[in-house]
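Have a look at the structure below, then the notes.
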Amino acid sequence: MDLKSGYPYWAIRNGLMHAFPPLQQDRHCDVLVVGGGISGALIANELCAHGHDVVLIEQRDIGWGSTAASTALLQYEIDTHLIDLADQYGESAAVLAYRACAEAIPALRDVAAGFRGVDCHPMHSLYYASKRRHGSVLEAECTLRRKHGFDVTWLDRAEVRAQYGIEAPGAILSALAARVDPYQLTYRLLMRLAKAGCAVHDRTTLHTLQTTARGVNAITAEGLQIRARHVVLATGYAGQRWLKPRVARNRSSYAFITDPVDPDLLGALSNTMVWESARPYLYLRSTGDHRLLVGGEDDAVDVPARRDARVQGKARTLLKQVNRLFPDLPLQPAFSWAGTFAETADGLPFFGPHPQWGPRVLFAMAYGGNGITYSMVGAGLLRARIERRRHPLQALFGFERHTTNPVNDRHHSSSAC
């Protein structure tokens with residue numbers, strides 16, 4: 001599956017950081033992780049850190065799928081508002097989901113802390129009302145978050161203008177967010193795991209899964225076999241090919257990154273990511289070398305050739321949108337690209353087994369605008385499942401909820417690619 005178009009900045013900046021050997025012989029392990037993107041790396045890291053024997057395989061080079069196209073805004077906010085999620089599943093369940101994502105941000109920073117160059121730093125998050133009628137909705141959202149202890153502040157029109165130079169009816173300012181280079185973090189994690197004895201193989205394609213009561217036999221395209229007690233399919237947006245029912249809808253999101261900008265001109269954007277209430281939404285954040293990364297303009301295109309043809313036009317549209325928002329900020333796009341993402345009907349991910357495959361094949365579908373945050377939460381959830389422990393998010397983030405919330409045509413959000 002072709003998951004990206006154009007020139008994703010992370011792959012250009014970092015290049016091919018390390019070549020892992022393809023699988024050359026049959027293997028046995030506790031857990032086979034299929035997928036060498038940021039989700040697979042975080043899951044493998046969690047399992048290895050707690051004593052599980054893990055083999056990870058990736059059909060491409062490591063990090064070369066959606067991870068290379070991710071814009072990596074690390075936020076706890078789910079694309080579905082807390083207030084709307086509470087209407088669907090009850091307030092306690094909604095708060096549980098938001099709180100788990102909030103706890104994932106410092107956990108991700110801890111994971112990245114041991115590596116140089118991954119540009120993982122704390123940020124603030126400004127969520128502004130694009131239209132007047134959105135102001136009251138966001139203010140109610142802010143009130144509910146504050147009620148449950150989230151560190152948020154409501155900014156009125158004058159405060160948004162004074163602090164950020166944005167003309168908007170109001171905004172939620174969150175103190176908890178972060179940024180990261182997801183491509184480099186993926187490589188650093190898997191290089192460290194390989195050095196510690198975890199088997200990591202790229203250019204190795206899963207062809208067939210055979211499940212039994214005691215485990216799973218995974219057969220590669222070359223006919224090699226990996227016998228595992230559990231398999232985790234962390235294949236990102238290509239994961240739906242392993243399921244008969246459709247559980248999410250693939251879309252395309254577009255992005256560009258600028259040349260370095262004078263930090264004095266960036267001002268508050270140096271430590272605050274910005275996104276809007278319109279759907280699909282414009283979003284932007286800075287990098288450690290003072291570039292501005294801008295994304296949005298999502299559409300329903302899921303045909304690689306059509307997506308490829310739209311990259312430059314979408315980048316020009318995004319630039320116009322940012323110029324309207326910050327007319328005094330000189331921006332020159334350096335690289336532009338597009339990536340496939342997926343969205344579920346309720347904005348929540350899927351982690352765990354599906355009835356089609358039984359209990360030993362586990363899916364890691366970190367779908368939505370905050371996929372990396374979801375992956376951090378999902379790593380712990382999947383480990384609990386493998387260790388036969390209950391997890392408080394097991395039902396809410398599992399396929400159990402899908403029977404009452406099938407995928408539909410509503411478009412909830414933009415994705416951080």
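As shown in the structure tokens, the chain order sets the letters A, B, ...; within each chain, residues go from 1, and ligands are also counted from 1 in the order they appear.
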Q: Pull the alpha helix (DSSP H) assignments for segment 231-403 of chain A out of DSSP run on the backbone, and list those residues as a ChimeraX atom specification.
A: /A:263-266,304-325,371-386
Q: Can you pull out every residue within 9 Å of segment 26-37 of chain A, counting only C-alpha atoms, but drop anything in the same chain fewer than 3 positions away, and send it as a PyMOL selection string?
A: chain A and resi 23+40-44+47+52-68+182-183+186-187+190+200-202+205-206+218+224-236+386
(Q) For the strand (DSSP E or B) assignment from backbone DSSP, which residues of segment 227-346 of chain A qualify? Please present them as JSON, numbers by chain. (A) {"A": [227, 228, 229, 230, 231, 232, 233, 249, 250, 251, 252, 253, 254, 255, 256, 257, 258, 272, 273, 274, 275, 276, 283, 284, 285, 286, 292, 293, 294, 295, 296, 297, 298, 299, 333, 334, 335, 336, 337, 338, 339, 340, 341, 342, 343]}
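Across the model, the gap from atom CA of Leu74 of chain A to atom CA of Leu108 of chain A is 8.8 Å.
Distance annotation: of A:Arg401, A:Arg307, A:Arg360, A:His391, the residue with the minimal separation from Leu96 of chain A is A:His391; atom set is only C-alpha atoms.
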**Q.** Distance query Trp154 of chain A at most 8 Å, only C-alpha atoms, self and fewer than 6 positions along chain excluded, as an MDAnalysis selection string
**A.** chainID A and resid 139 142 170:173
